[in-house]
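> Enclosed is the structure file input-v2.cif (mmCIF, C-alpha atoms).
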data_input
loop_
_atom_site.label_atom_id
_atom_site.label_comp_id
_atom_site.auth_asym_id
_atom_site.auth_seq_id
_atom_site.Cartn_x
_atom_site.Cartn_y
_atom_site.Cartn_z
CA MET A 1 -115.67 149.56 153.93
CA ARG A 2 -115.41 145.86 154.58
CA LYS A 3 -118.18 145.22 152.10
CA LEU A 4 -116.30 147.18 149.48
CA ALA A 5 -113.12 145.23 150.12
CA LEU A 6 -115.00 141.92 149.83
CA ALA A 7 -116.67 143.06 146.65
CA THR A 8 -113.31 144.07 145.21
CA ILE A 9 -111.80 140.68 146.04
CA ALA A 10 -114.81 138.85 144.62
CA LEU A 11 -114.69 140.87 141.42
CA SER A 12 -110.96 140.39 140.97
CA LEU A 13 -111.40 136.64 141.46
CA LEU A 14 -114.01 136.63 138.74
CA ALA A 15 -111.81 138.63 136.42
CA ALA A 16 -108.60 136.74 137.19
CA PRO A 17 -108.92 133.93 134.62
CA SER A 18 -109.42 136.41 131.81
CA LEU A 19 -106.39 138.48 132.75
CA ALA A 20 -103.70 138.13 130.11
CA GLY A 21 -100.24 137.04 131.18
CA PRO A 22 -97.02 137.25 129.14
CA LYS A 23 -97.85 133.99 127.35
CA GLU A 24 -101.27 135.20 126.22
CA ASP A 25 -99.71 138.50 125.14
CA ALA A 26 -97.08 136.70 123.06
CA ILE A 27 -99.73 134.52 121.39
CA ALA A 28 -101.90 137.57 120.64
CA ALA A 29 -98.90 139.36 119.11
CA ARG A 30 -98.06 136.32 116.96
CA GLN A 31 -101.64 136.07 115.79
CA GLY A 32 -101.64 139.79 115.02
CA HIS A 33 -98.69 139.25 112.69
CA TYR A 34 -100.51 136.47 110.82
CA LYS A 35 -103.74 138.49 110.71
CA LEU A 36 -101.83 141.30 108.97
CA LEU A 37 -100.42 138.79 106.48
CA GLY A 38 -103.93 137.45 105.94
CA ALA A 39 -105.44 140.89 105.44
CA ASN A 40 -102.95 141.74 102.70
CA MET A 41 -103.16 138.28 101.15
CA GLY A 42 -106.94 138.43 101.18
CA ALA A 43 -106.96 141.71 99.26
CA LEU A 44 -104.45 140.41 96.71
CA SER A 45 -106.24 137.12 96.27
CA ALA A 46 -109.57 138.90 95.66
CA MET A 47 -107.78 140.84 92.91
CA ALA A 48 -106.13 137.77 91.41
CA LYS A 49 -109.48 135.96 91.33
CA GLY A 50 -111.15 138.98 89.69
CA GLN A 51 -113.53 139.55 92.61
CA ILE A 52 -112.26 143.11 92.64
CA ASP A 53 -110.64 144.94 89.72
CA TYR A 54 -106.89 144.71 89.43
CA ASP A 55 -105.18 147.94 90.36
CA ALA A 56 -101.40 148.10 90.08
CA LYS A 57 -100.93 150.69 92.82
CA THR A 58 -103.09 148.89 95.38
CA ALA A 59 -101.53 145.54 94.50
CA GLN A 60 -98.06 147.02 94.93
CA MET A 61 -99.01 148.49 98.31
CA HIS A 62 -100.21 145.10 99.61
CA ALA A 63 -97.17 143.33 98.17
CA ASP A 64 -94.87 145.89 99.81
CA ASN A 65 -96.66 145.23 103.09
CA LEU A 66 -96.02 141.49 102.71
CA ALA A 67 -92.35 142.16 101.99
CA THR A 68 -92.11 144.39 105.07
CA LEU A 69 -93.89 141.84 107.24
CA SER A 70 -91.60 139.08 105.99
CA LYS A 71 -88.74 140.96 107.68
CA ASN A 72 -90.61 141.11 110.98
CA ASN A 73 -88.84 138.55 113.19
CA ILE A 74 -91.46 137.08 115.52
CA GLY A 75 -89.22 134.29 116.81
CA PHE A 76 -89.01 135.93 120.25
CA LEU A 77 -92.78 135.48 120.65
CA PHE A 78 -92.58 131.69 120.61
CA LEU A 79 -92.14 131.40 124.36
CA GLU A 80 -91.76 128.01 126.02
CA GLY A 81 -95.16 126.68 127.03
CA THR A 82 -97.14 128.50 124.32
CA SER A 83 -97.88 125.63 121.92
CA SER A 84 -101.33 124.25 121.14
CA SER A 85 -100.56 121.31 123.47
CA ASP A 86 -99.87 123.75 126.33
CA MET A 87 -102.75 126.09 125.59
CA PRO A 88 -105.39 124.31 123.50
CA GLY A 89 -108.14 126.55 122.19
CA VAL A 90 -105.90 129.62 122.50
CA THR A 91 -103.33 128.86 119.82
CA ARG A 92 -102.87 126.39 116.97
CA ALA A 93 -99.07 126.68 117.00
CA SER A 94 -97.96 123.03 116.93
CA ALA A 95 -95.50 121.72 119.53
CA LYS A 96 -93.41 120.65 116.51
CA ILE A 97 -92.26 124.28 116.21
CA TRP A 98 -90.31 123.98 119.45
CA GLU A 99 -88.81 120.66 118.35
CA ASP A 100 -87.65 121.92 114.97
CA PHE A 101 -86.51 125.53 114.91
CA PRO A 102 -84.33 125.01 111.78
CA GLY A 103 -87.35 123.66 109.91
CA VAL A 104 -89.48 126.61 110.96
CA GLY A 105 -86.68 128.95 109.87
CA ALA A 106 -86.56 127.28 106.46
CA ALA A 107 -90.33 127.64 106.09
CA GLY A 108 -90.00 131.32 107.04
CA ALA A 109 -87.23 131.78 104.47
CA LYS A 110 -89.49 130.30 101.81
CA PHE A 111 -92.13 132.87 102.68
CA ALA A 112 -89.56 135.69 102.66
CA GLU A 113 -88.42 134.64 99.19
CA ALA A 114 -92.02 134.49 97.94
CA ALA A 115 -92.67 137.93 99.48
CA MET A 116 -89.71 139.37 97.54
CA THR A 117 -91.09 137.81 94.36
CA ILE A 118 -94.59 139.20 94.84
CA GLN A 119 -93.12 142.63 95.61
CA ALA A 120 -91.34 142.53 92.27
CA GLU A 121 -94.31 141.12 90.30
CA ALA A 122 -97.52 142.51 91.83
CA GLY A 123 -97.44 145.82 89.94
CA LYS A 124 -96.90 144.21 86.52
CA GLY A 125 -100.39 142.86 85.92
CA ALA A 126 -103.09 140.51 87.19
CA ALA A 127 -101.46 137.42 85.65
CA GLU A 128 -98.06 138.15 87.21
CA LEU A 129 -99.74 138.88 90.53
CA GLY A 130 -101.63 135.57 90.38
CA LYS A 131 -98.47 133.59 89.75
CA ALA A 132 -96.55 135.24 92.59
CA LEU A 133 -99.56 134.90 94.86
CA GLY A 134 -99.55 131.15 94.25
CA MET A 135 -95.94 131.07 95.41
CA VAL A 136 -96.78 132.97 98.62
CA GLY A 137 -99.82 130.75 99.20
CA MET A 138 -97.68 127.64 98.87
CA SER A 139 -95.32 128.97 101.52
CA CYS A 140 -98.35 129.52 103.78
CA LYS A 141 -99.51 125.95 103.14
CA GLY A 142 -96.05 124.45 103.66
CA CYS A 143 -95.82 125.95 107.13
CA HIS A 144 -99.46 125.26 108.06
CA ASP A 145 -99.16 121.59 107.07
CA SER A 146 -96.09 121.08 109.25
CA TYR A 147 -96.35 123.50 112.15
CA ARG A 148 -100.00 124.31 112.72
CA THR A 149 -102.56 121.98 114.22
CA LYS A 150 -105.74 121.53 112.17
CA MET B 1 -132.25 74.70 101.39
CA THR B 2 -128.95 72.99 100.84
CA ASP B 3 -126.76 75.94 101.71
CA ARG B 4 -125.40 74.07 104.74
CA SER B 5 -124.13 71.20 102.64
CA PRO B 6 -120.38 70.95 101.95
CA ILE B 7 -119.16 73.46 99.43
CA SER B 8 -120.18 72.43 95.99
CA GLN B 9 -117.29 72.82 93.58
CA ASP B 10 -119.52 73.90 90.77
CA PRO B 11 -122.44 76.24 91.46
CA GLU B 12 -123.98 75.12 88.16
CA GLU B 13 -124.72 71.72 89.72
CA ASP B 14 -126.49 73.36 92.64
CA LYS B 15 -130.19 73.57 91.85
CA THR B 16 -130.78 76.19 94.56
CA LEU B 17 -128.59 78.71 92.74
CA GLU B 18 -129.01 80.82 89.66
CA HIS B 19 -126.67 82.99 87.64
CA VAL B 20 -128.08 86.51 87.36
CA ARG B 21 -126.96 89.86 86.09
CA LEU B 22 -126.95 91.47 89.53
CA TRP B 23 -125.08 94.76 89.10
CA ASP B 24 -126.20 97.01 86.26
CA PRO B 25 -123.63 98.68 83.98
CA ALA B 26 -124.13 102.20 85.42
CA LEU B 27 -123.59 100.96 88.96
CA ARG B 28 -120.42 99.11 87.94
CA ALA B 29 -119.10 102.18 86.13
CA PHE B 30 -119.93 104.22 89.25
CA HIS B 31 -118.06 101.79 91.49
CA TRP B 32 -114.83 101.76 89.49
CA LEU B 33 -114.86 105.49 88.71
CA LEU B 34 -115.42 106.19 92.41
CA PHE B 35 -112.52 103.88 93.23
CA LEU B 36 -110.23 105.74 90.80
CA CYS B 37 -111.32 109.20 91.96
CA VAL B 38 -111.07 108.42 95.67
CA VAL B 39 -107.59 106.95 95.27
CA ALA B 40 -106.52 109.95 93.16
CA ALA B 41 -108.05 112.56 95.47
CA TRP B 42 -106.62 110.90 98.57
CA GLY B 43 -103.15 110.51 97.07
CA LEU B 44 -103.11 114.08 95.78
CA GLY B 45 -104.33 115.35 99.14
CA GLU B 46 -101.64 113.55 101.10
CA PHE B 47 -98.70 113.67 98.70
CA GLY B 48 -99.72 115.91 95.82
CA PRO B 49 -98.45 119.34 94.78
CA ASP B 50 -99.11 122.37 97.01
CA ILE B 51 -101.42 123.88 94.42
CA MET B 52 -104.22 121.36 94.76
CA THR B 53 -106.16 122.02 91.55
CA LEU B 54 -106.20 118.34 90.57
CA HIS B 55 -107.33 117.32 94.04
CA PHE B 56 -110.23 119.74 93.65
CA TYR B 57 -111.19 118.28 90.24
CA PHE B 58 -111.25 114.73 91.58
CA GLY B 59 -113.33 116.02 94.49
CA TYR B 60 -115.87 117.53 92.09
CA ALA B 61 -115.95 114.24 90.17
CA ILE B 62 -116.64 112.36 93.42
CA CYS B 63 -119.42 114.84 94.17
CA ALA B 64 -121.03 114.11 90.80
CA LEU B 65 -120.65 110.35 91.32
CA LEU B 66 -122.29 110.59 94.76
CA VAL B 67 -125.22 112.54 93.30
CA PHE B 68 -125.63 109.75 90.75
CA ARG B 69 -125.48 107.10 93.49
CA LEU B 70 -128.11 108.85 95.60
CA VAL B 71 -130.44 109.07 92.59
CA TRP B 72 -129.67 105.46 91.62
CA GLY B 73 -130.38 104.40 95.19
CA LEU B 74 -133.92 105.64 94.74
CA VAL B 75 -134.77 104.87 91.12
CA GLY B 76 -132.09 102.37 90.01
CA PRO B 77 -132.42 98.59 89.52
CA LYS B 78 -133.35 96.55 92.59
CA ALA B 79 -129.84 95.61 93.76
CA ALA B 80 -128.81 99.28 93.63
CA ARG B 81 -131.79 100.62 95.57
CA PHE B 82 -131.21 101.65 99.19
CA ILE B 83 -134.51 100.08 100.28
CA HIS B 84 -133.16 96.77 98.98
CA PHE B 85 -130.16 96.80 101.28
CA ILE B 86 -131.57 98.34 104.44
CA TYR B 87 -131.89 95.30 106.72
CA GLY B 88 -133.31 94.98 110.21
CA PRO B 89 -131.11 94.09 113.20
CA LYS B 90 -132.37 90.47 113.18
CA THR B 91 -131.31 89.84 109.60
CA THR B 92 -128.03 91.66 110.12
CA LEU B 93 -127.11 89.74 113.28
CA GLY B 94 -128.26 86.50 111.69
CA TYR B 95 -125.98 87.10 108.72
CA ALA B 96 -123.09 88.19 110.95
CA ALA B 97 -123.41 84.98 112.99
CA LYS B 98 -123.05 82.79 109.86
CA MET B 99 -120.53 85.05 108.18
CA PHE B 100 -117.45 83.09 109.17
CA ARG B 101 -118.66 79.78 107.71
CA ARG B 102 -116.42 78.59 104.94
CA GLU B 103 -119.06 78.79 102.25
CA PRO B 104 -120.09 81.42 99.72
CA SER B 105 -122.92 83.72 100.73
CA TYR B 106 -124.55 83.64 97.25
CA TRP B 107 -126.21 86.83 98.44
CA ARG B 108 -128.32 88.78 95.97
CA GLY B 109 -126.81 92.28 96.27
CA HIS B 110 -125.20 93.96 99.25
CA ASN B 111 -125.29 91.47 102.14
CA PRO B 112 -126.53 92.88 105.49
CA VAL B 113 -123.04 93.43 106.91
CA GLY B 114 -121.62 94.73 103.64
CA ALA B 115 -124.59 97.10 103.41
CA LEU B 116 -123.54 98.73 106.67
CA ALA B 117 -120.08 99.31 105.22
CA ALA B 118 -121.58 100.67 102.00
CA PHE B 119 -123.73 103.17 103.90
CA ALA B 120 -120.81 104.15 106.15
CA LEU B 121 -118.59 104.76 103.13
CA LEU B 122 -121.28 106.75 101.35
CA GLY B 123 -121.86 108.88 104.44
CA LEU B 124 -118.15 109.52 104.91
CA LEU B 125 -117.73 110.48 101.26
CA ILE B 126 -120.65 112.91 101.45
CA ALA B 127 -119.12 114.45 104.59
CA GLN B 128 -115.77 114.65 102.81
CA VAL B 129 -117.24 116.45 99.80
CA ALA B 130 -119.17 118.86 102.03
CA THR B 131 -116.16 119.73 104.19
CA GLY B 132 -113.85 119.93 101.18
CA LEU B 133 -116.11 122.42 99.42
CA THR B 134 -116.23 124.65 102.51
CA ALA B 135 -112.68 124.23 103.87
CA ASP B 136 -110.30 127.17 104.24
CA PRO B 137 -106.68 126.21 104.97
CA ASP B 138 -105.59 129.89 105.17
CA ASP B 139 -103.27 129.68 102.19
CA PHE B 140 -105.35 131.79 99.78
CA VAL B 141 -104.81 129.17 97.09
CA ASN B 142 -106.57 125.95 98.08
CA VAL B 143 -109.73 127.48 99.45
CA GLY B 144 -112.92 125.49 99.01
CA PRO B 145 -115.27 127.20 96.52
CA LEU B 146 -118.06 127.45 99.12
CA ALA B 147 -115.84 128.48 102.06
CA SER B 148 -116.89 132.12 101.89
CA TYR B 149 -120.55 131.16 102.37
CA VAL B 150 -120.15 129.42 105.74
CA GLY B 151 -118.01 131.89 107.69
CA TYR B 152 -114.37 131.66 108.69
CA ASP B 153 -114.77 129.60 111.87
CA ASN B 154 -116.83 126.96 110.08
CA SER B 155 -114.29 126.87 107.24
CA VAL B 156 -111.52 126.19 109.74
CA MET B 157 -113.68 123.47 111.32
CA ALA B 158 -114.41 122.03 107.87
CA ASN B 159 -110.69 121.87 107.16
CA ARG B 160 -110.14 120.01 110.41
CA ILE B 161 -112.95 117.52 109.78
CA HIS B 162 -111.76 117.02 106.18
CA ALA B 163 -108.39 115.79 107.48
CA ILE B 164 -110.01 113.39 109.98
CA VAL B 165 -112.58 112.00 107.52
CA ALA B 166 -109.76 111.36 105.01
CA LYS B 167 -108.28 108.91 107.53
CA LEU B 168 -111.68 107.30 108.19
CA ILE B 169 -112.23 106.82 104.45
CA LEU B 170 -108.82 105.20 104.15
CA LEU B 171 -109.81 102.89 107.01
CA MET B 172 -113.12 101.99 105.33
CA VAL B 173 -111.36 101.28 102.03
CA VAL B 174 -108.91 98.98 103.81
CA ILE B 175 -111.83 97.20 105.55
CA HIS B 176 -113.67 96.91 102.21
CA ILE B 177 -110.67 95.35 100.44
CA ALA B 178 -109.98 93.07 103.42
CA ALA B 179 -113.62 91.90 103.31
CA ILE B 180 -113.39 91.15 99.58
CA ALA B 181 -110.19 89.17 100.24
CA PHE B 182 -111.93 87.37 103.14
CA TYR B 183 -114.80 86.33 100.86
CA LYS B 184 -112.39 85.21 98.16
CA VAL B 185 -109.95 83.25 100.33
CA TRP B 186 -112.00 82.11 103.32
CA LYS B 187 -115.51 81.85 101.89
CA ARG B 188 -114.36 80.97 98.36
CA GLU B 189 -116.68 83.53 96.82
CA ASN B 190 -115.40 85.88 94.16
CA LEU B 191 -117.07 89.27 94.55
CA ILE B 192 -114.72 91.11 92.19
CA THR B 193 -115.83 89.48 88.92
CA PRO B 194 -119.53 90.31 89.53
CA MET B 195 -118.57 93.96 90.01
CA ILE B 196 -116.81 93.81 86.60
CA THR B 197 -119.21 91.67 84.53
CA GLY B 198 -122.38 92.13 86.55
CA TRP B 199 -123.00 88.34 86.66
CA LYS B 200 -123.20 86.60 90.03
CA TRP B 201 -124.34 83.26 91.43
CA VAL B 202 -127.14 83.89 93.93
CA LYS B 203 -129.60 81.81 95.91
CA LYS B 204 -132.94 81.33 94.14
CA SER B 205 -134.71 81.37 97.49
CA ASP B 206 -133.77 84.97 98.10
CA LYS B 207 -136.59 87.17 96.97
CA ALA B 208 -135.14 89.98 94.95
#
Written as C-alpha cells, that's how I'd like the structure from this file.

Amino acid sequence: MRKLALATIALSLLAAPSLAGPKEDAIAARQGHYKLLGANMGALSAMAKGQIDYDAKTAQMHADNLATLSKNNIGFLFLEGTSSSDMPGVTRASAKIWEDFPGVGAAGAKFAEAAMTIQAEAGKGAAELGKALGMVGMSCKGCHDSYRTK
Amino acid sequence: MTDRSPISQDPEEDKTLEHVRLWDPALRAFHWLLFLCVVAAWGLGEFGPDIMTLHFYFGYAICALLVFRLVWGLVGPKAARFIHFIYGPKTTLGYAAKMFRREPSYWRGHNPVGALAAFALLGLLIAQVATGLTADPDDFVNVGPLASYVGYDNSVMANRIHAIVAKLILLMVVIHIAAIAFYKVWKRENLITPMITGWKWVKKSDKA
C-alpha cells in the first residue's frame, strides 16, 4: 500500500510539469484558431498558385470558413502572463499585444475586411481569388510583423 | 622599402610604386550591382510594400551575383581569387598593427583585414539568400520558393534567421563604408576610384 502511494506521488511529480494549466489551455485555443485560418488559407493559396485546380465550390467553402473565423472573437484568450516573454517556446504572441490592444484590434479589423472580400470574390474565378487572397495575406503579414515574435 | 618615409604627395614620384589595373571589369560590375541590389532588397524588406515581389527579385539577383563571385573567386583574375586574399594570422596581425599609420596601404587587392570583412560579408549574404529562399512568414503571400522543401519548422527558423542576418549585413555595410572613409581621410588612400576605374597605386614589392 505504501509502495503504491509512493509510486503514485513519484509519477504525479514526473507528470506535473506537463500538466496544462489555464494559461496553456488559452494558448492552445489561440493557436487552434490560427491553425484553422492557416488550413483554409493553405488550401486557397494552393489553388491560387495552380498547385491544385481551381474549383469555385471548394474555394467558396474555404472563403466562407475564413469569414466565419474572422467573427470568432479570441480576445478573451489573451490572458495576462501568456506572451512570448512570459512563456518562451510555448507561444510567439509578442508582449506588444498587451501594450497595444487598439492596434491589435485594428489589425484584426483589417483581416475581417479582407475575409469579407475573399468571401465575395473566391467563387468568381482563380484571378479574383488570387487578388483577394493577397489582401488576406497582407493582413496576416501586418499582424505578424507587429505582434508576433520571429 | 621606403613605405615608412613621410607621405609622398605624388605616388608617381615614388619608385617603389606602380599603377596597375587591379580590379577587372566583371568584378567592378559585380561590386556595384551587388551594392544596388543589397540596398534595394534591404530597403524593400524593411520598408517596402506588403506584397514583397520586388524584394524577392532583388534577392534572386543577389543569388546570381553571389554565384558569379564564387566562380570568379576560383577562376577569376588574381586579385579576385580567394586564394589571393586568404592570409595567415601573422600577416593579418602584422597588417592590423600598422593599419592606423597615416599612410596609404598601397595594397595589391584585398588587404588582410579587409579580406576578413569581404569573407564575412560574402558568408552573411549566402546565409541571407539561403534563409530567404526557404523562409515562411505564414502569410501565404511572401513564402520563399523553397520553403516547402525544408519543412515548416525549418521555414519558421529560416524566417527568424533572415531577420537577424539582415541586421548583421547592415552592420557589415556600415563597417565597410566606415573603413573606406577611414582609408580616405586618415590614411589618405582613395579606394573608391580603383573600384570604379580598376586602376590603383600598389607597392611593386608585393608579389601579385
> CA of Ser83 in chain A to CA of Glu99 in chain A: how many Å, to one decimal?
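Calculated distance between CA of Ser83 in chain A and CA of Glu99 in chain A is 10.9 Å.
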> Hey, which bits of chain A sit within 9 Å of chain B, and for each residue what's the closest pair of atoms and how far apart in Å (one decimal), counting only C-alpha atoms, rows by chain and increasing number, as CSV?

residue,atom,partner,partner_atom,distance
A:Gly38,CA,B:Asp138,CA,7.8
A:Met41,CA,B:Phe140,CA,7.0
A:Gly42,CA,B:Phe140,CA,7.0
A:Ser45,CA,B:Phe140,CA,6.4
A:Leu133,CA,B:Val141,CA,8.1
A:Gly134,CA,B:Val141,CA,6.3
A:Val136,CA,B:Asp139,CA,8.1
A:Gly137,CA,B:Asp139,CA,4.7
A:Met138,CA,B:Asp50,CA,5.8
A:Ser139,CA,B:Asp139,CA,8.0
A:Cys140,CA,B:Asp139,CA,5.2
A:Lys141,CA,B:Asp139,CA,5.4
A:Gly142,CA,B:Asp50,CA,7.6
A:His144,CA,B:Pro137,CA,7.9
A:Thr149,CA,B:Arg160,CA,8.7
A:Lys150,CA,B:Arg160,CA,5.0
> Since we have the selection now, will you write its residues out, keeping C-alpha atoms, as a PDB file, keeping the file's coordinate frame?

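Done, and the output landed in part.pdb:
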ATOM      1  CA  GLY A  38    -103.930 137.450 105.940  1.00  0.00           C
ATOM      2  CA  MET A  41    -103.160 138.280 101.150  1.00  0.00           C
ATOM      3  CA  GLY A  42    -106.940 138.430 101.180  1.00  0.00           C
ATOM      4  CA  SER A  45    -106.240 137.120  96.270  1.00  0.00           C
ATOM      5  CA  LEU A 133     -99.560 134.900  94.860  1.00  0.00           C
ATOM      6  CA  GLY A 134     -99.550 131.150  94.250  1.00  0.00           C
ATOM      7  CA  VAL A 136     -96.780 132.970  98.620  1.00  0.00           C
ATOM      8  CA  GLY A 137     -99.820 130.750  99.200  1.00  0.00           C
ATOM      9  CA  MET A 138     -97.680 127.640  98.870  1.00  0.00           C
ATOM     10  CA  SER A 139     -95.320 128.970 101.520  1.00  0.00           C
ATOM     11  CA  CYS A 140     -98.350 129.520 103.780  1.00  0.00           C
ATOM     12  CA  LYS A 141     -99.510 125.950 103.140  1.00  0.00           C
ATOM     13  CA  GLY A 142     -96.050 124.450 103.660  1.00  0.00           C
ATOM     14  CA  HIS A 144     -99.460 125.260 108.060  1.00  0.00           C
ATOM     15  CA  THR A 149    -102.560 121.980 114.220  1.00  0.00           C
ATOM     16  CA  LYS A 150    -105.740 121.530 112.170  1.00  0.00           C
TER      17      LYS A 150
END
> Using the chain letters and numbering of this document, enumerate as an mmCIF file with C-alpha atoms, in the coordinates of the input the residues selected by the PyMOL selection byres ((chain B and resi 123-132) around 9).

data_model
loop_
_atom_site.group_PDB
_atom_site.id
_atom_site.type_symbol
_atom_site.label_atom_id
_atom_site.label_comp_id
_atom_site.auth_asym_id
_atom_site.auth_seq_id
_atom_site.Cartn_x
_atom_site.Cartn_y
_atom_site.Cartn_z
ATOM 1 C CA VAL B 38 -111.070 108.420 95.670
ATOM 2 C CA PHE B 56 -110.230 119.740 93.650
ATOM 3 C CA GLY B 59 -113.330 116.020 94.490
ATOM 4 C CA TYR B 60 -115.870 117.530 92.090
ATOM 5 C CA ILE B 62 -116.640 112.360 93.420
ATOM 6 C CA CYS B 63 -119.420 114.840 94.170
ATOM 7 C CA LEU B 66 -122.290 110.590 94.760
ATOM 8 C CA ALA B 118 -121.580 100.670 102.000
ATOM 9 C CA PHE B 119 -123.730 103.170 103.900
ATOM 10 C CA ALA B 120 -120.810 104.150 106.150
ATOM 11 C CA LEU B 121 -118.590 104.760 103.130
ATOM 12 C CA LEU B 122 -121.280 106.750 101.350
ATOM 13 C CA LEU B 133 -116.110 122.420 99.420
ATOM 14 C CA THR B 134 -116.230 124.650 102.510
ATOM 15 C CA ALA B 135 -112.680 124.230 103.870
ATOM 16 C CA ASP B 136 -110.300 127.170 104.240
ATOM 17 C CA VAL B 143 -109.730 127.480 99.450
ATOM 18 C CA GLY B 144 -112.920 125.490 99.010
ATOM 19 C CA PRO B 145 -115.270 127.200 96.520
ATOM 20 C CA LEU B 146 -118.060 127.450 99.120
ATOM 21 C CA ALA B 147 -115.840 128.480 102.060
ATOM 22 C CA SER B 155 -114.290 126.870 107.240
ATOM 23 C CA MET B 157 -113.680 123.470 111.320
ATOM 24 C CA ALA B 158 -114.410 122.030 107.870
ATOM 25 C CA ASN B 159 -110.690 121.870 107.160
ATOM 26 C CA ARG B 160 -110.140 120.010 110.410
ATOM 27 C CA ILE B 161 -112.950 117.520 109.780
ATOM 28 C CA HIS B 162 -111.760 117.020 106.180
ATOM 29 C CA ALA B 163 -108.390 115.790 107.480
ATOM 30 C CA VAL B 165 -112.580 112.000 107.520
ATOM 31 C CA ALA B 166 -109.760 111.360 105.010
ATOM 32 C CA LEU B 168 -111.680 107.300 108.190
ATOM 33 C CA ILE B 169 -112.230 106.820 104.450
#
> Quick check on the file I pasted: which residues fall under the PyMOL selection byres ((chain B and resi 99-103) around 8)? Write them as a list of chain:residue names.
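That selection, the PyMOL selection byres ((chain B and resi 99-103) around 8), comes back as B:Pro6, B:Ile7, B:Tyr95, B:Ala96, B:Ala97, B:Lys98, B:Pro104, B:Ser105, B:Trp186, B:Lys187, B:Arg188, B:Glu189.
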> For Ala112 in chain A, work out the shell of residues within 8 Å, counting only C-alpha atoms and skipping chain neighbours fewer than 3 positions away, then give it as a list of chain:residue names.
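After dropping sequence-adjacent residues, the list is A:Ala67, A:Ser70, A:Lys71, A:Gly108, A:Ala109, A:Ala115, A:Met116.
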